[in-house]
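K.L.:
Input: one structure, supplied below.
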Amino acid sequence: MNESELIRIFSSIILQAAPLMIAVCGETITERAGVVNLSLDGTMLMSAMTGFVVALNTGSVWWGFLAAAGVGAFFAFIVSFSSIRLRQSQVAVGFVLTLLGDDLSAFLGQNYTRIPGPVVKFLPIPILGDIPILGPLFFDHDIVVYFAFALVGVTWWWLFRTQPGLHLRGTGERPEAAFARGVNVNRVRYLYTLVGGALVGIAGAAYSLDIKVGWAEGYTRGLGWIALAIVIFGGWSPIRGALGAILFGATKALATILQRTFPEVSVVAFNAIPWILMILVLLVVGSESIERIILLMPRTLQRPLRRILRAAPPMALGTTFGEK
Amino acid sequence: MKNKSWGEKIWPIVPILASLGFGASLLVMFGASPGESFSAMWEGAFGNQANTLSVVAFWIPLLLSSAGLLTTFTAGLWNIGIEGQIIMGSIAASWIALKLEGPIFLLITLEILVAMIAGALWAGFVGILKTRGGVHEIFSGLALNNLAIILTNYLISGPWQPPEGGTFRGTAPFQDAALLPRFAESRFAPISLVFVIIAVGVVFVTLRGTSWGLKLKALGKNPRSAFLLGVSSEREAILSLMFCGGLAGLAGAVRVLSWFDSLRQSISGGIGFLALLVVMLASYRILWVPLIAFFFSAVLNGSITLQLRTQLHSSLGGILTAVMVLFVLLFGQGKVLGIGKTKKPPGLDADIPESGR
């Protein structure tokens, strides 16, 4: 394997990871505000279908992305409304929406399966793209990839370096305290659940308009759940989450390479890798025994290891706030 | 008991009407007549004896799974992994059916036993990952569902492929002695009705009348105080999952041994997820579960006829059931519309994914 081939593989990993990074950022924002939007899998299917159909009919991918963001925000609205206003279980509503999005996208998109459609334009960045190695890796893509990386940075900055971001985190950690400081907890939760949902919608459309153009029943099935698991693995931080998405893309690329190297091993065995990885990764984040292993390490390593491996969810995640 | 208002009396049919209205508008969007489509669905479900028997045959594993889910919901657990537990039951039953020979009663007893054990172990895995590994049951369950599907695909395309070559569709049909005796050329095996009656009865008695049922309720309502009162939350959580997994495994056995006659690619047919919807719609009350499961079975079987008749995608059945449940979740308390009521899930008030506490 020579250098250019290696760069091509890594560049495709970055491309594959981009939509997941967008979805992970969206859900991270939502969960940081204290709401679990479990409907990601259904939302992504619905928005992938909507984005493709709208882009095909209008001839513009931008209308497709806009419509997909709208669908994502609408699903997120149902989750937040049912939790904040109706006091229903976020998990129950999110799960039903997952199933509904799956079936509804199959039904609504039934006349649009496996046909060509508009594609996001390739947009290499002039000067930066000429940098050796880094150029082809990060600046030789299309707008979806640039958006994903910019989004990770902006989300991190917004969450950890701005006043509204502090209010957002306060709403998810200690809503009473945030309320005492004059934050309208439920309004903040509505806002960021909708923003997060819209981002998940964009992620869905990024699949049908960019990564693997087109639509078919169950087109992105499973990826929403992967994104939800990456949010946990990412410790509710956009940067760690983005790393998780890239790592996931890397294992998929590795599986493809292994498959080519060992053709005698059944294809299905490689399909198992993401799901085994999902369990292992969540074990690392959550298991008590990992804590014991970390304690055996040298003192100086313990803090960085904990930062990289362990995570705790926002304290008020999944709860409701207020009397009504 | 106080008299029910007019609004409360008609409340149960409102979600049905809402989902029918939603379905009708989808049909109109695709240029189909709702009246004709719904009557095609009705015919598909109850048009002749064969169709009705299919509804019953689909209903039995659905009800078995729903009954199992009542115990996990009572303990406050989201057993989304039930889909995988059904599949593992199917695989285990197929293993006996393909590898052993013997008299029919012995084979069937073994098949069912092994299927229940396989389902219970697959569920126990979810339980151990939750209690010992801090992995939320939704995520481990989901991953294990996909692993079970992958295992099925591996088996039918590899070691268990039919002698004429792997088609990725299924194994060769099992020997007759390995199948549940079926009623009049249909997919319905009368003996499975006995299983389901026993299962629902056992779940009913367990939850209402045993100290274990009480422990599960305590665990579901408030895990912390249950722990302080001496309920071993880890043990009960794992046991309730395994109990549910056992029934799911039985459902999987019924799927391969009477609905099909071989292990197929999509062996569960989404029954596990559908069972979750059934229990949610029943608001976690056991007496409603058989009725709703039967209704869902009719809707799904009807939508297959709809697809044959109108070429419209059969996912309409899934849409109708999901909209119904969503409607009840959103407006079921009747606070918004001022009528009707549903119970909250017993243990699901604080549903925080605690992965990585």
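Ordering of the structure tokens sets the chain letters (A, B, ...); residue numbers start at 1 within each chain; ligands are numbered from 1 in the order shown.
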Residues of chain A that approach chain B to 7 Å or less, counting only C-alpha atoms: could you list each one with the shortest pair of atoms and its distance in Å to one decimal, rows by chain and increasing residue number, as a tab-separated table?
P.N.:
residue	atom	partner	partner_atom	distance
A:Ser82	CA	B:Leu330	CA	5.9
A:Leu86	CA	B:Leu330	CA	6.8
A:Gln88	CA	B:Leu329	CA	6.9
A:Ser89	CA	B:Asp349	CA	6.6
A:Val91	CA	B:Asp351	CA	6.8
A:Val93	CA	B:Leu326	CA	6.7
A:Val96	CA	B:Ala322	CA	6.2
A:Leu99	CA	B:Ala322	CA	6.8
A:Leu100	CA	B:Ala322	CA	5.5
A:Asp103	CA	B:Ser315	CA	5.2
A:Leu104	CA	B:Ile319	CA	6.1
A:Ala106	CA	B:Ser315	CA	6.6
A:Phe107	CA	B:His313	CA	5.6
A:Gln110	CA	B:His313	CA	6.8
A:Val268	CA	B:Tyr154	CA	5.9
A:Ala272	CA	B:Leu147	CA	6.0
A:Trp275	CA	B:Ala143	CA	5.0
A:Met278	CA	B:Ala143	CA	6.9
A:Ile279	CA	B:Ser140	CA	6.0
A:Leu282	CA	B:Val135	CA	5.8
A:Leu283	CA	B:Gly133	CA	5.5
A:Val285	CA	B:Gly356	CA	5.1
A:Gly286	CA	B:Gly356	CA	3.5
A:Ser287	CA	B:Gly133	CA	4.2
A:Glu288	CA	B:Gly133	CA	6.7
A:Arg310	CA	B:Gly356	CA	6.6
A:Ala311	CA	B:Gly356	CA	5.3
A:Ala312	CA	B:Arg357	CA	4.7
A:Pro313	CA	B:Arg357	CA	6.5
A:Leu317	CA	B:Ile352	CA	6.0
A:Gly318	CA	B:Ile352	CA	5.2
A:Thr319	CA	B:Ala350	CA	6.2
K.L.:
Got a sec: who's within 10 Å of A:Leu305, counting only C-alpha atoms, leaving out chain neighbours fewer than 5 positions off, as a list in words?
P.N.:
Glu291, Ile294, Met297, Thr300 and Arg310 of chain A
K.L.:
List the neighbours of stretch 153-163 of chain A out to 8 Å using only C-alpha atoms; skip same-chain residues closer than 5 positions along the sequence, and give me the result as an NGL selection string.
P.N.:
:A and (25 or 29 or 168-169 or 237-239)
K.L.:
Would you output that residue set with C-alpha atoms, as a PDB file, in the first residue's frame?
P.N.:
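Dumped to result04.pdb:
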ATOM      1  CA  CYS A  25     -23.354  17.162  17.190  1.00  0.00           C
ATOM      2  CA  ILE A  29     -26.711  19.597  21.850  1.00  0.00           C
ATOM      3  CA  LEU A 168     -27.748  25.266  27.776  1.00  0.00           C
ATOM      4  CA  ARG A 169     -25.520  23.045  29.903  1.00  0.00           C
ATOM      5  CA  SER A 237     -18.644  16.462  23.906  1.00  0.00           C
ATOM      6  CA  PRO A 238     -18.736  17.363  20.210  1.00  0.00           C
ATOM      7  CA  ILE A 239     -14.992  16.893  19.719  1.00  0.00           C
TER       8      ILE A 239
END
K.L.:
Just checking: using only C-alpha atoms, which residue out of A:Ala205, A:Trp63, A:Leu296, A:Pro274 ends up closest to A:Ala227?
P.N.:
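Of A:Ala205, A:Trp63, A:Leu296, A:Pro274, the one nearest A:Ala227 is A:Pro274, counting only C-alpha atoms.
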K.L.:
Please extract the residues of stretch 45-278 of chain B with a backbone DSSP assignment of helix (DSSP H, G or I) and present them as JSON, numbers by chain.
P.N.:
{"B": [45, 46, 49, 50, 51, 52, 53, 54, 55, 56, 57, 58, 59, 60, 61, 62, 63, 64, 65, 66, 67, 68, 69, 70, 71, 72, 73, 74, 82, 83, 84, 85, 86, 87, 88, 89, 90, 91, 92, 93, 94, 95, 96, 97, 98, 99, 104, 105, 106, 107, 108, 109, 110, 111, 112, 113, 114, 115, 116, 117, 118, 119, 120, 121, 122, 123, 124, 125, 126, 127, 128, 129, 130, 131, 137, 138, 139, 140, 141, 142, 143, 144, 145, 146, 147, 148, 149, 150, 151, 152, 153, 154, 155, 156, 157, 176, 177, 178, 190, 191, 192, 193, 194, 195, 196, 197, 198, 199, 200, 201, 202, 203, 204, 205, 206, 207, 208, 209, 211, 212, 213, 214, 215, 216, 217, 218, 219, 220, 221, 223, 224, 225, 226, 227, 228, 233, 234, 235, 236, 237, 238, 239, 240, 241, 242, 243, 244, 245, 246, 247, 248, 249, 250, 251, 252, 253, 254, 255, 256, 257, 258, 259, 271, 272, 273, 274, 275, 276, 277, 278]}
K.L.:
I'd like the neighbourhood of B:Ile271 as a PyMOL selection string, where a residue qualifies if any of its atoms comes within 8 Å (using only C-alpha atoms), though same-chain residues fewer than 4 positions away should be ignored.
P.N.:
chain B and resi 61-62+65+83+275
K.L.:
Can those selected residues be exported to a file as a PDB file, in the first residue's frame so that it contains all heavy atoms?
P.N.:
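Written output follows (out_13.pdb):
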ATOM      1  N   PRO B  61     -47.283 -15.616  18.410  1.00  0.00           N
ATOM      2  CA  PRO B  61     -45.951 -15.177  18.848  1.00  0.00           C
ATOM      3  C   PRO B  61     -45.920 -13.712  19.286  1.00  0.00           C
ATOM      4  O   PRO B  61     -45.153 -13.344  20.188  1.00  0.00           O
ATOM      5  CB  PRO B  61     -45.064 -15.402  17.620  1.00  0.00           C
ATOM      6  CG  PRO B  61     -45.975 -15.618  16.483  1.00  0.00           C
ATOM      7  CD  PRO B  61     -47.268 -16.104  17.023  1.00  0.00           C
ATOM      8  N   LEU B  62     -46.766 -12.898  18.662  1.00  0.00           N
ATOM      9  CA  LEU B  62     -46.840 -11.484  19.071  1.00  0.00           C
ATOM     10  C   LEU B  62     -47.307 -11.377  20.516  1.00  0.00           C
ATOM     11  O   LEU B  62     -46.756 -10.616  21.315  1.00  0.00           O
ATOM     12  CB  LEU B  62     -47.790 -10.730  18.131  1.00  0.00           C
ATOM     13  CG  LEU B  62     -47.999  -9.245  18.423  1.00  0.00           C
ATOM     14  CD1 LEU B  62     -46.696  -8.486  18.326  1.00  0.00           C
ATOM     15  CD2 LEU B  62     -49.022  -8.647  17.444  1.00  0.00           C
ATOM     16  N   SER B  65     -44.614 -12.566  22.993  1.00  0.00           N
ATOM     17  CA  SER B  65     -43.599 -11.530  23.212  1.00  0.00           C
ATOM     18  C   SER B  65     -44.154 -10.400  24.071  1.00  0.00           C
ATOM     19  O   SER B  65     -43.480  -9.892  24.965  1.00  0.00           O
ATOM     20  CB  SER B  65     -43.138 -10.954  21.878  1.00  0.00           C
ATOM     21  OG  SER B  65     -42.883 -11.956  20.952  1.00  0.00           O
ATOM     22  N   GLU B  83     -36.389  -8.372  19.987  1.00  0.00           N
ATOM     23  CA  GLU B  83     -36.309  -8.814  18.594  1.00  0.00           C
ATOM     24  C   GLU B  83     -35.195  -9.879  18.435  1.00  0.00           C
ATOM     25  O   GLU B  83     -35.398 -10.919  17.825  1.00  0.00           O
ATOM     26  CB  GLU B  83     -36.018  -7.583  17.734  1.00  0.00           C
ATOM     27  CG  GLU B  83     -36.169  -7.761  16.266  1.00  0.00           C
ATOM     28  CD  GLU B  83     -37.609  -7.771  15.788  1.00  0.00           C
ATOM     29  OE1 GLU B  83     -38.500  -7.284  16.505  1.00  0.00           O
ATOM     30  OE2 GLU B  83     -37.828  -8.309  14.709  1.00  0.00           O
ATOM     31  N   ALA B 275     -44.454  -5.877  19.418  1.00  0.00           N
ATOM     32  CA  ALA B 275     -44.906  -6.220  20.767  1.00  0.00           C
ATOM     33  C   ALA B 275     -44.674  -5.047  21.726  1.00  0.00           C
ATOM     34  O   ALA B 275     -45.492  -4.780  22.613  1.00  0.00           O
ATOM     35  CB  ALA B 275     -44.182  -7.466  21.265  1.00  0.00           C
TER      36      ALA B 275
END
K.L.:
Measuring between only C-alpha atoms, which one of A:Phe74, A:Phe95, A:Tyr192, A:Phe147 shows the shortest distance to A:Gly172?
P.N.:
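When distances to A:Gly172 are compared using only C-alpha atoms, the smallest one comes from A:Tyr192.
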K.L.:
With distances taken over only C-alpha atoms, which of B:Leu229, B:Ala40, B:Ile104, B:Ala115 is nearest to B:Leu306?
P.N.:
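Looking at the shortest contact to B:Leu306, the residue is B:Ala40.
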K.L.:
Give me, as a PyMOL selection string, all polymer residues having an atom no more than 12 Å from A:Asn184, counting only C-alpha atoms and skipping those fewer than 2 positions away in the same chain.
P.N.:
chain A and resi 33+164+167-168+170-171+175-182+186-191+321-322
K.L.:
Suppose you want the space between atom CA of B:Gly246 and atom CA of B:Trp160; what is it in Å?
P.N.:
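According to the coordinates, atom CA of B:Gly246 and atom CA of B:Trp160 are separated by 24.0 Å.
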K.L.:
With only C-alpha atoms as the counted atoms, please give the residues lying no more than 9 Å from B:Ile87, apart from itself and same-chain residues fewer than 5 positions off, as a list in words.
P.N.:
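So, after excluding close chain neighbours, the residues are Ile82, Ala92, Gly119, Asn145, Ala148, Ile149, Thr152, Ala248, Gly249, Ala251, Gly252, Ala253, Ser266, Ile267 and Ser268 of chain B.
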K.L.:
Using only C-alpha atoms, which residues sit within 12 Å of stretch 172-179 of chain B once same-chain residues fewer than 4 positions away are excluded, as a ChimeraX atom specification?
P.N.:
/B:93-112,155-157,159-168,183,187-189,191-192,253-264
K.L.:
For a test of reading the model, state the distance in Å between atom CA of B:Gly272 and atom CA of B:Ala18, rounded to one decimal.
P.N.:
24.1 Å
K.L.:
Nearest residue to A:Arg114 out of A:Val53, A:Ala92, A:Ile84, A:Met21, using only C-alpha atoms?
P.N.:
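Smallest separation from A:Arg114 among the options: A:Val53.
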